[in-house]
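S.K.: One structure coming up, written as structure tokens, with questions to follow.
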Amino acid sequence: MATTTQDLPAALGGAPVFVQTARESDTLDRWRQITEEEAQVAYDMTLRNELSGGTPVVREFEQMWRERHDTRFAITVINGTAALHSAMFGLGVGPGDEVICPTYTWICSVSPALMLMAKPVFCESDPETLLIDPDDVRRCITPRTKAILAVHLWGNVCDMDALMEISRDTGVPVIEDCSHAHGATYGGRPCGSIGQVGAWSLQGSKPASGGEGGVVATNDVQAFERACLIGQVNRVAGLDLVTDNYEHLQPLGLGIKFRAHPLGIGIASVQMNKLDELNARRSAYIEAVEAGLGDLPGVEPMGVYPGAERGGFYGFFVRYDAEKANGLSTDRFIAALREEGLGARGNGYPLLHRLPLFADGFDIFTEGRGPLCTPEMGGDYQGYSDGDFPVTEAAVSRLVFLPVLSDPVEDAPQRTLAALSKVLRHSEALARTA
Ligand SMILES: Cc1ncc(COP(=O)(O)O)c(C=O)c1O
């Protein structure tokens with residue numbers, strides 16, 4: 001069959017599948033994250049001067065969170081980073097400790113450890129799911145390991161059975177970073193309630209947003225009370241501490257304030273009411289695209305562990321294999337998709353071990369103090385090099401992120417597949433033009 005100009009990829013002079021340019025690919029989605037409803041709540045709260053502290057809206061939100069996630073405790077904080085800081089402090093992470101974290105995550109998953117004088121220990125991710133590899137976690141455990149960071153990256157869910165088995169075997173607690181995975185479950189249990197502590201971001205781009213905000217939840221009394229101790233100044237007594245361990249320090253605790261802005265929590269309350277609908281919409285779109293990938297050589301869906309139900313869907317990637325597409329490089333594949341009007345992009349986050357901070361070390365507290373001081377700086381931090389995580393490095397270089405659509409225009413899954421298919425069909429010609 002003769003190829004018409006119409007059939008050609010836009011990169012070779014044909015017509016794009018989506019009329020929009022790549023920059024306009026947001027217009028494929030009619031979902032409005034913030035509506036009048038959120039604005040009204042913020043307006044009403046402002047007029048009631050509910051602008052600081054543990055207001056009724058904040059208390060109700062925390063109660064809703066406990067019920068929804070089936071945890072005994074939940075407190076709101078200023079952001080996801082503070083939630084993770086509270087979680088780590090809650091579990092007693094401190095000077096000289098080690099915290100195991102995948103090298104493929106956002107820096108804030110592990111950066112609070114630095115402020116607690118603990119050392120990040122990076123590990124590989126499973127190349128199919130891009131989530132923390134439990135086998136590598138086991139290899140990284142030492143007598144100094146104080147926490148394992150299970151990051152449910154892009155809304156996909158870690159292998160919690162394997163991680164909790166390691167936790168039982170070693171006594172090392174698991175912190176679930178659910179910042180991308182609001183509403184995800186594993187074995188029917190809400191993510192964030194399986195590990196010893198769960199932490200969420202409510203930052204503006206997250207599936208449930210307060211603009212800025214975060215939540216930390218746990219069933220562990222000690223972790224909860226210590227999370228209050230570090231960040232809930234003037235609010236601890238009202239939160240019904242269970243023991244009297246820290247009563248002598250009340251109500252100021254350590255005098256550090258991680259309390260959330262009530263307006264953000266008011267907005268997030270509205271967002272949480274829409275979360276199930278948002279997740280259903282996103283998963284319908286993503287699953288429709290994934291179901292069509294079987295016909296396309298060279299692209300595979302992300303792996304999902306048995307028992308995992310993705311949620312949040314903060315990112316949607318396919319795994320691309322250039323070898324099955326006539327050697328068309330990942331970058332060139334992405335560029336061609338973008339010319340089709342599909343807002344594809346590359347690997348998402350820089351690998352942490354490649355960042356100068358972690359690769360070369362840094363004298364965080366000056367004068368040779370802190371967990372990232374190399375021998376030249378007066379410490380024993382060894383740093384990292386490119387090539388230290390070959391599995392993750394290779395897997396990440398093959399990721400192609402596609403837009404996450406919540407209320408897509410008609411036929412968006414079919415057209416997304418058409419764009420992928422067209423570029424792959426012409427991969428040989430495209431590879432030649434590179
Ligand atoms: C995986 C992950 N963990 C933690 C955070 C930190 O959240 P926040 O920006 O609310 O501090 C983020 C933020 O994007 C994140 O992506």
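Labeling convention for the structure tokens: chains A, B, ... as they appear, residues from 1 per chain, ligands from 1 in order of appearance.
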Hey, which bits of chain A sit within 6 Å of ligand 1, and for each residue what's the closest pair of atoms and how far apart in Å (one decimal), counting only C-alpha atoms and all ligand atoms, rows by chain and increasing number, as a Markdown table?
M.R.:
```
| residue | atom | partner | partner_atom_place_in_ligand_line | distance |
| --- | --- | --- | --- | --- |
| A:Asn79 | CA | ligand 1 | 10 (O) | 3.8 |
| A:Gly80 | CA | ligand 1 | 7 (O) | 3.5 |
| A:Thr81 | CA | ligand 1 | 11 (O) | 3.7 |
| A:Thr105 | CA | ligand 1 | 1 (C) | 5.8 |
| A:Trp106 | CA | ligand 1 | 1 (C) | 4.9 |
| A:Cys108 | CA | ligand 1 | 4 (C) | 4.7 |
| A:Ser109 | CA | ligand 1 | 3 (N) | 4.4 |
| A:Asp177 | CA | ligand 1 | 3 (N) | 5.9 |
| A:Ser179 | CA | ligand 1 | 2 (C) | 5.0 |
| A:Ser201 | CA | ligand 1 | 10 (O) | 4.1 |
| A:Leu202 | CA | ligand 1 | 10 (O) | 5.6 |
| A:Gln203 | CA | ligand 1 | 10 (O) | 4.5 |
| A:Gly213 | CA | ligand 1 | 10 (O) | 5.8 |
| A:Gly214 | CA | ligand 1 | 10 (O) | 5.9 |
```
S.K.: Those selected residues, please, written with N, CA and C atoms and delivered as a PDB file, in the first residue's frame.
M.R.:
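Saved as out-v9.pdb:
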```pdb
ATOM      1  N   ASN A  79       3.618  20.775  54.002  1.00  0.00           N
ATOM      2  CA  ASN A  79       3.865  20.187  52.665  1.00  0.00           C
ATOM      3  C   ASN A  79       4.280  18.720  52.817  1.00  0.00           C
ATOM      4  N   GLY A  80       4.474  18.071  51.679  1.00  0.00           N
ATOM      5  CA  GLY A  80       4.851  16.659  51.716  1.00  0.00           C
ATOM      6  C   GLY A  80       6.230  16.453  52.310  1.00  0.00           C
ATOM      7  N   THR A  81       7.108  17.419  52.089  1.00  0.00           N
ATOM      8  CA  THR A  81       8.456  17.308  52.647  1.00  0.00           C
ATOM      9  C   THR A  81       8.389  17.292  54.179  1.00  0.00           C
ATOM     10  N   THR A 105      13.482   8.854  42.399  1.00  0.00           N
ATOM     11  CA  THR A 105      12.344   9.486  43.069  1.00  0.00           C
ATOM     12  C   THR A 105      12.621  10.970  43.113  1.00  0.00           C
ATOM     13  N   TRP A 106      11.656  11.715  43.610  1.00  0.00           N
ATOM     14  CA  TRP A 106      11.861  13.154  43.804  1.00  0.00           C
ATOM     15  C   TRP A 106      12.725  13.352  45.056  1.00  0.00           C
ATOM     16  N   CYS A 108      12.719  15.173  47.554  1.00  0.00           N
ATOM     17  CA  CYS A 108      12.114  15.372  48.885  1.00  0.00           C
ATOM     18  C   CYS A 108      11.754  14.063  49.578  1.00  0.00           C
ATOM     19  N   SER A 109      11.711  12.943  48.824  1.00  0.00           N
ATOM     20  CA  SER A 109      11.461  11.657  49.495  1.00  0.00           C
ATOM     21  C   SER A 109      12.509  11.422  50.569  1.00  0.00           C
ATOM     22  N   ASP A 177       5.807   6.852  50.936  1.00  0.00           N
ATOM     23  CA  ASP A 177       5.649   8.185  50.357  1.00  0.00           C
ATOM     24  C   ASP A 177       4.559   8.086  49.297  1.00  0.00           C
ATOM     25  N   SER A 179       2.922  10.556  47.878  1.00  0.00           N
ATOM     26  CA  SER A 179       2.708  11.894  47.303  1.00  0.00           C
ATOM     27  C   SER A 179       2.171  11.876  45.883  1.00  0.00           C
ATOM     28  N   SER A 201       1.899  14.427  49.910  1.00  0.00           N
ATOM     29  CA  SER A 201       1.979  15.841  49.547  1.00  0.00           C
ATOM     30  C   SER A 201       0.609  16.285  49.053  1.00  0.00           C
ATOM     31  N   LEU A 202       0.248  17.510  49.380  1.00  0.00           N
ATOM     32  CA  LEU A 202      -0.965  18.121  48.817  1.00  0.00           C
ATOM     33  C   LEU A 202      -0.584  19.333  47.973  1.00  0.00           C
ATOM     34  N   GLN A 203       0.624  19.303  47.429  1.00  0.00           N
ATOM     35  CA  GLN A 203       1.133  20.414  46.605  1.00  0.00           C
ATOM     36  C   GLN A 203       0.275  20.580  45.342  1.00  0.00           C
ATOM     37  N   GLY A 213       0.582  21.741  51.069  1.00  0.00           N
ATOM     38  CA  GLY A 213       0.060  21.004  52.222  1.00  0.00           C
ATOM     39  C   GLY A 213       0.615  19.594  52.225  1.00  0.00           C
ATOM     40  N   GLY A 214       0.396  18.913  53.326  1.00  0.00           N
ATOM     41  CA  GLY A 214       0.838  17.528  53.425  1.00  0.00           C
ATOM     42  C   GLY A 214       0.106  16.844  54.561  1.00  0.00           C
TER      43      GLY A 214
END
```
S.K.: Please report as JSON lines every residue of stretch 191-277 of chain A lying within 7 Å of stretch 48-57 of chain A, along with the nearest atom pair and their distance in Å (one decimal), using only C-alpha atoms.
M.R.:
```
{"residue": "A:Arg235", "atom": "CA", "partner": "A:Gly54", "partner_atom": "CA", "distance": 6.9}
{"residue": "A:His261", "atom": "CA", "partner": "A:Ser52", "partner_atom": "CA", "distance": 6.2}
{"residue": "A:Pro262", "atom": "CA", "partner": "A:Leu51", "partner_atom": "CA", "distance": 5.6}
{"residue": "A:Leu263", "atom": "CA", "partner": "A:Leu51", "partner_atom": "CA", "distance": 6.4}
{"residue": "A:Gly266", "atom": "CA", "partner": "A:Val57", "partner_atom": "CA", "distance": 6.2}
```
S.K.: Restricting the calculation to only C-alpha atoms, which member of A:Lys119, A:Ala336, A:Gly315, A:Gly264 is positioned closest to A:Glu212?
M.R.: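 Of the candidates, the smallest distance to A:Glu212 is held by A:Gly264.
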S.K.: Going by DSSP on the backbone, which residues of stretch 193-295 of chain A come out as helix (DSSP H, G or I)? List them as a PyMOL selection string.
M.R.: chain A and resi 221-231+237-239+247-249+262-295
S.K.: Write to file, as a PDB file, in the first residue's frame, the residues of the selection just made, with C-alpha atoms.
M.R.:
```pdb
ATOM      1  CA  VAL A 221       1.623   5.821  68.861  1.00  0.00           C
ATOM      2  CA  GLN A 222       5.283   6.669  69.274  1.00  0.00           C
ATOM      3  CA  ALA A 223       5.652   7.822  65.660  1.00  0.00           C
ATOM      4  CA  PHE A 224       2.541   9.970  65.973  1.00  0.00           C
ATOM      5  CA  GLU A 225       3.544  11.585  69.235  1.00  0.00           C
ATOM      6  CA  ARG A 226       7.020  12.346  67.944  1.00  0.00           C
ATOM      7  CA  ALA A 227       5.559  13.767  64.713  1.00  0.00           C
ATOM      8  CA  CYS A 228       3.503  16.099  66.899  1.00  0.00           C
ATOM      9  CA  LEU A 229       6.556  16.872  68.997  1.00  0.00           C
ATOM     10  CA  ILE A 230       8.577  18.101  66.068  1.00  0.00           C
ATOM     11  CA  GLY A 231       6.028  20.089  64.148  1.00  0.00           C
ATOM     12  CA  ALA A 237      -2.447  18.940  73.728  1.00  0.00           C
ATOM     13  CA  GLY A 238      -5.615  19.210  71.656  1.00  0.00           C
ATOM     14  CA  LEU A 239      -4.604  16.275  69.559  1.00  0.00           C
ATOM     15  CA  GLU A 247       3.666  15.934  78.270  1.00  0.00           C
ATOM     16  CA  HIS A 248       6.368  17.885  80.082  1.00  0.00           C
ATOM     17  CA  LEU A 249       7.240  19.494  76.723  1.00  0.00           C
ATOM     18  CA  PRO A 262      -6.066  25.981  57.057  1.00  0.00           C
ATOM     19  CA  LEU A 263      -7.038  27.503  53.700  1.00  0.00           C
ATOM     20  CA  GLY A 264      -4.964  24.871  51.924  1.00  0.00           C
ATOM     21  CA  ILE A 265      -6.653  22.148  53.928  1.00  0.00           C
ATOM     22  CA  GLY A 266     -10.080  23.643  53.162  1.00  0.00           C
ATOM     23  CA  ILE A 267      -9.257  23.473  49.462  1.00  0.00           C
ATOM     24  CA  ALA A 268      -7.865  19.947  49.818  1.00  0.00           C
ATOM     25  CA  SER A 269     -11.112  18.869  51.555  1.00  0.00           C
ATOM     26  CA  VAL A 270     -13.039  19.729  48.405  1.00  0.00           C
ATOM     27  CA  GLN A 271     -10.415  17.995  46.290  1.00  0.00           C
ATOM     28  CA  MET A 272     -10.630  14.818  48.355  1.00  0.00           C
ATOM     29  CA  ASN A 273     -14.363  14.660  47.607  1.00  0.00           C
ATOM     30  CA  LYS A 274     -13.474  14.472  43.918  1.00  0.00           C
ATOM     31  CA  LEU A 275     -10.546  12.085  44.239  1.00  0.00           C
ATOM     32  CA  ASP A 276     -12.406   8.863  43.465  1.00  0.00           C
ATOM     33  CA  GLU A 277     -13.942  10.379  40.355  1.00  0.00           C
ATOM     34  CA  LEU A 278     -10.573  11.762  39.269  1.00  0.00           C
ATOM     35  CA  ASN A 279      -8.912   8.381  39.772  1.00  0.00           C
ATOM     36  CA  ALA A 280     -11.667   6.572  37.865  1.00  0.00           C
ATOM     37  CA  ARG A 281     -11.330   8.988  34.956  1.00  0.00           C
ATOM     38  CA  ARG A 282      -7.553   8.843  34.838  1.00  0.00           C
ATOM     39  CA  SER A 283      -7.418   5.087  35.124  1.00  0.00           C
ATOM     40  CA  ALA A 284     -10.034   4.677  32.357  1.00  0.00           C
ATOM     41  CA  TYR A 285      -7.900   6.773  30.005  1.00  0.00           C
ATOM     42  CA  ILE A 286      -4.597   5.172  30.968  1.00  0.00           C
ATOM     43  CA  GLU A 287      -5.955   1.624  30.844  1.00  0.00           C
ATOM     44  CA  ALA A 288      -7.485   2.266  27.436  1.00  0.00           C
ATOM     45  CA  VAL A 289      -4.107   3.378  26.114  1.00  0.00           C
ATOM     46  CA  GLU A 290      -2.283   0.523  27.827  1.00  0.00           C
ATOM     47  CA  ALA A 291      -4.732  -2.018  26.429  1.00  0.00           C
ATOM     48  CA  GLY A 292      -3.806  -0.909  22.912  1.00  0.00           C
ATOM     49  CA  LEU A 293      -0.052  -1.133  23.421  1.00  0.00           C
ATOM     50  CA  GLY A 294      -0.048  -4.878  22.822  1.00  0.00           C
ATOM     51  CA  ASP A 295      -0.266  -4.235  19.093  1.00  0.00           C
TER      52      ASP A 295
END
```
S.K.: For A:Phe313, which of A:Ala83, A:Ile78, A:Leu149, A:Ala181 is the closest residue, counting only C-alpha atoms?
M.R.: A:Ala181
S.K.: Within 10 Å of A:Ser421, counting only C-alpha atoms, which residues show up once you throw out same-chain ones fewer than 6 positions away? Write them as a list in words, please.
M.R.: Pro9, Gly292, Leu293, Asp295, Leu296, Pro297, Val299, Leu337, Arg415 and Ser427 of chain A
S.K.: Between A:Leu430, A:Leu405, A:Leu357, A:Ala147, which one has atoms that come closest to A:Ala335, using only C-alpha atoms?
M.R.: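 Checking each of A:Leu430, A:Leu405, A:Leu357, A:Ala147 against A:Ala335, counting only C-alpha atoms, the winner is A:Leu430.
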S.K.: Can you list, as a PyMOL selection string, every residue of stretch 113-308 of chain A that DSSP puts in strand (DSSP E or B)?
M.R.: chain A and resi 119-123+125+132+145-151+174-177+185-186+189-190+197-201+203+211+214-218+232+257+259+299-301+308
S.K.: For the selection you just gave me, I'd like the residues written to a file as a tab-separated table (two decimals), in the first residue's frame, keeping N, CA and C atoms.
M.R.:
```tsv
chain	number	residue	atom	x	y	z
A	119	LYS	N	22.02	9.50	56.79
A	119	LYS	CA	22.61	9.35	55.46
A	119	LYS	C	21.66	8.62	54.52
A	120	PRO	N	21.42	9.18	53.34
A	120	PRO	CA	20.63	8.43	52.36
A	120	PRO	C	21.45	7.30	51.75
A	121	VAL	N	20.82	6.16	51.62
A	121	VAL	CA	21.47	5.02	50.94
A	121	VAL	C	20.56	4.67	49.77
A	122	PHE	N	21.06	4.87	48.56
A	122	PHE	CA	20.21	4.68	47.40
A	122	PHE	C	20.18	3.23	46.96
A	123	CYS	N	19.07	2.87	46.31
A	123	CYS	CA	18.97	1.50	45.81
A	123	CYS	C	18.31	1.51	44.44
A	125	SER	N	15.71	0.39	41.35
A	125	SER	CA	14.27	0.18	41.15
A	125	SER	C	14.07	-1.01	40.22
A	132	ILE	N	10.84	0.89	43.95
A	132	ILE	CA	11.94	0.36	44.77
A	132	ILE	C	12.02	-1.17	44.68
A	145	THR	N	20.58	0.98	59.49
A	145	THR	CA	19.39	1.34	58.71
A	145	THR	C	18.23	1.64	59.66
A	146	LYS	N	17.63	2.79	59.45
A	146	LYS	CA	16.56	3.20	60.37
A	146	LYS	C	15.20	3.32	59.68
A	147	ALA	N	15.20	3.40	58.36
A	147	ALA	CA	13.92	3.47	57.64
A	147	ALA	C	14.12	3.10	56.18
A	148	ILE	N	13.03	2.59	55.59
A	148	ILE	CA	13.00	2.28	54.15
A	148	ILE	C	11.90	3.15	53.54
A	149	LEU	N	12.26	3.85	52.46
A	149	LEU	CA	11.29	4.72	51.81
A	149	LEU	C	10.63	3.98	50.66
A	150	ALA	N	9.37	3.62	50.83
A	150	ALA	CA	8.60	3.01	49.73
A	150	ALA	C	7.85	4.13	49.03
A	151	VAL	N	8.35	4.54	47.90
A	151	VAL	CA	7.73	5.67	47.18
A	151	VAL	C	6.81	5.10	46.10
A	174	VAL	N	8.99	0.85	57.50
A	174	VAL	CA	8.78	1.34	56.13
A	174	VAL	C	7.94	2.62	56.19
A	175	ILE	N	8.44	3.65	55.51
A	175	ILE	CA	7.67	4.88	55.34
A	175	ILE	C	7.13	4.85	53.92
A	176	GLU	N	5.83	4.98	53.77
A	176	GLU	CA	5.23	5.04	52.43
A	176	GLU	C	5.12	6.50	52.01
A	177	ASP	N	5.81	6.85	50.94
A	177	ASP	CA	5.65	8.18	50.36
A	177	ASP	C	4.56	8.09	49.30
A	185	THR	N	-4.34	1.57	46.43
A	185	THR	CA	-4.46	0.51	47.44
A	185	THR	C	-3.55	-0.66	47.08
A	186	TYR	N	-3.32	-1.49	48.09
A	186	TYR	CA	-2.53	-2.71	47.87
A	186	TYR	C	-3.19	-3.80	48.70
A	189	ARG	N	-5.89	-2.67	50.87
A	189	ARG	CA	-5.62	-1.70	51.96
A	189	ARG	C	-5.13	-0.37	51.37
A	190	PRO	N	-5.56	0.73	51.98
A	190	PRO	CA	-5.12	2.03	51.44
A	190	PRO	C	-3.61	2.19	51.58
A	197	VAL	N	4.51	4.23	58.71
A	197	VAL	CA	4.00	5.61	58.59
A	197	VAL	C	3.74	5.91	57.11
A	198	GLY	N	2.69	6.68	56.86
A	198	GLY	CA	2.40	7.14	55.50
A	198	GLY	C	2.54	8.65	55.42
A	199	ALA	N	3.02	9.14	54.26
A	199	ALA	CA	3.17	10.58	54.08
A	199	ALA	C	2.65	10.96	52.70
A	200	TRP	N	1.97	12.09	52.63
A	200	TRP	CA	1.39	12.57	51.37
A	200	TRP	C	1.75	14.04	51.17
A	201	SER	N	1.90	14.43	49.91
A	201	SER	CA	1.98	15.84	49.55
A	201	SER	C	0.61	16.29	49.05
A	203	GLN	N	0.62	19.30	47.43
A	203	GLN	CA	1.13	20.41	46.61
A	203	GLN	C	0.27	20.58	45.34
A	211	GLY	N	-2.96	23.43	47.21
A	211	GLY	CA	-1.99	24.45	46.80
A	211	GLY	C	-0.64	24.06	47.37
A	214	GLY	N	0.40	18.91	53.33
A	214	GLY	CA	0.84	17.53	53.43
A	214	GLY	C	0.11	16.84	54.56
A	215	VAL	N	0.20	15.52	54.60
A	215	VAL	CA	-0.43	14.74	55.66
A	215	VAL	C	0.52	13.64	56.08
A	216	VAL	N	0.55	13.36	57.37
A	216	VAL	CA	1.28	12.20	57.85
A	216	VAL	C	0.30	11.36	58.68
A	217	ALA	N	0.29	10.06	58.43
A	217	ALA	CA	-0.67	9.18	59.09
A	217	ALA	C	0.03	7.91	59.56
A	218	THR	N	-0.45	7.38	60.67
A	218	THR	CA	0.18	6.18	61.23
A	218	THR	C	-0.74	5.52	62.25
A	232	GLN	N	4.11	20.32	65.63
A	232	GLN	CA	2.74	20.78	65.88
A	232	GLN	C	2.68	21.74	67.07
A	257	LYS	N	7.46	24.62	63.65
A	257	LYS	CA	6.07	24.65	63.19
A	257	LYS	C	5.94	24.10	61.78
A	259	ARG	N	2.76	23.10	60.96
A	259	ARG	CA	1.30	23.07	60.81
A	259	ARG	C	0.86	23.61	59.46
A	299	VAL	N	6.85	-0.68	22.59
A	299	VAL	CA	6.36	0.03	23.77
A	299	VAL	C	5.59	-0.93	24.67
A	300	GLU	N	5.90	-0.87	25.95
A	300	GLU	CA	5.23	-1.74	26.92
A	300	GLU	C	4.69	-0.91	28.06
A	301	PRO	N	3.59	-1.35	28.65
A	301	PRO	CA	3.05	-0.60	29.79
A	301	PRO	C	3.91	-0.77	31.03
A	308	ALA	N	-2.05	-4.70	43.55
A	308	ALA	CA	-1.92	-3.24	43.57
A	308	ALA	C	-3.02	-2.61	42.73
```
S.K.: If you count only C-alpha atoms, which residues fall within 9 Å of A:Tyr305, apart from same-chain ones fewer than 4 positions away, as a PDB file with N, CA and C atoms, in the first residue's frame?
M.R.:
```pdb
ATOM      1  N   THR A 129       8.493  -1.789  36.935  1.00  0.00           N
ATOM      2  CA  THR A 129       7.562  -0.889  37.629  1.00  0.00           C
ATOM      3  C   THR A 129       8.187   0.477  37.905  1.00  0.00           C
ATOM      4  N   ASN A 156       1.840   4.407  40.927  1.00  0.00           N
ATOM      5  CA  ASN A 156       1.938   2.945  40.935  1.00  0.00           C
ATOM      6  C   ASN A 156       2.353   2.512  42.352  1.00  0.00           C
ATOM      7  N   VAL A 157       2.075   1.268  42.703  1.00  0.00           N
ATOM      8  CA  VAL A 157       2.205   0.853  44.103  1.00  0.00           C
ATOM      9  C   VAL A 157       3.363  -0.125  44.281  1.00  0.00           C
ATOM     10  N   CYS A 158       4.197   0.156  45.267  1.00  0.00           N
ATOM     11  CA  CYS A 158       5.361  -0.698  45.557  1.00  0.00           C
ATOM     12  C   CYS A 158       4.923  -2.108  45.949  1.00  0.00           C
ATOM     13  N   ASP A 159       5.858  -3.020  45.874  1.00  0.00           N
ATOM     14  CA  ASP A 159       5.608  -4.404  46.284  1.00  0.00           C
ATOM     15  C   ASP A 159       5.603  -4.441  47.820  1.00  0.00           C
ATOM     16  N   TYR A 186      -3.323  -1.493  48.088  1.00  0.00           N
ATOM     17  CA  TYR A 186      -2.530  -2.715  47.869  1.00  0.00           C
ATOM     18  C   TYR A 186      -3.188  -3.802  48.701  1.00  0.00           C
ATOM     19  N   GLU A 309      -3.626  -1.559  43.267  1.00  0.00           N
ATOM     20  CA  GLU A 309      -4.564  -0.726  42.501  1.00  0.00           C
ATOM     21  C   GLU A 309      -3.961   0.659  42.459  1.00  0.00           C
TER      22      GLU A 309
END
```
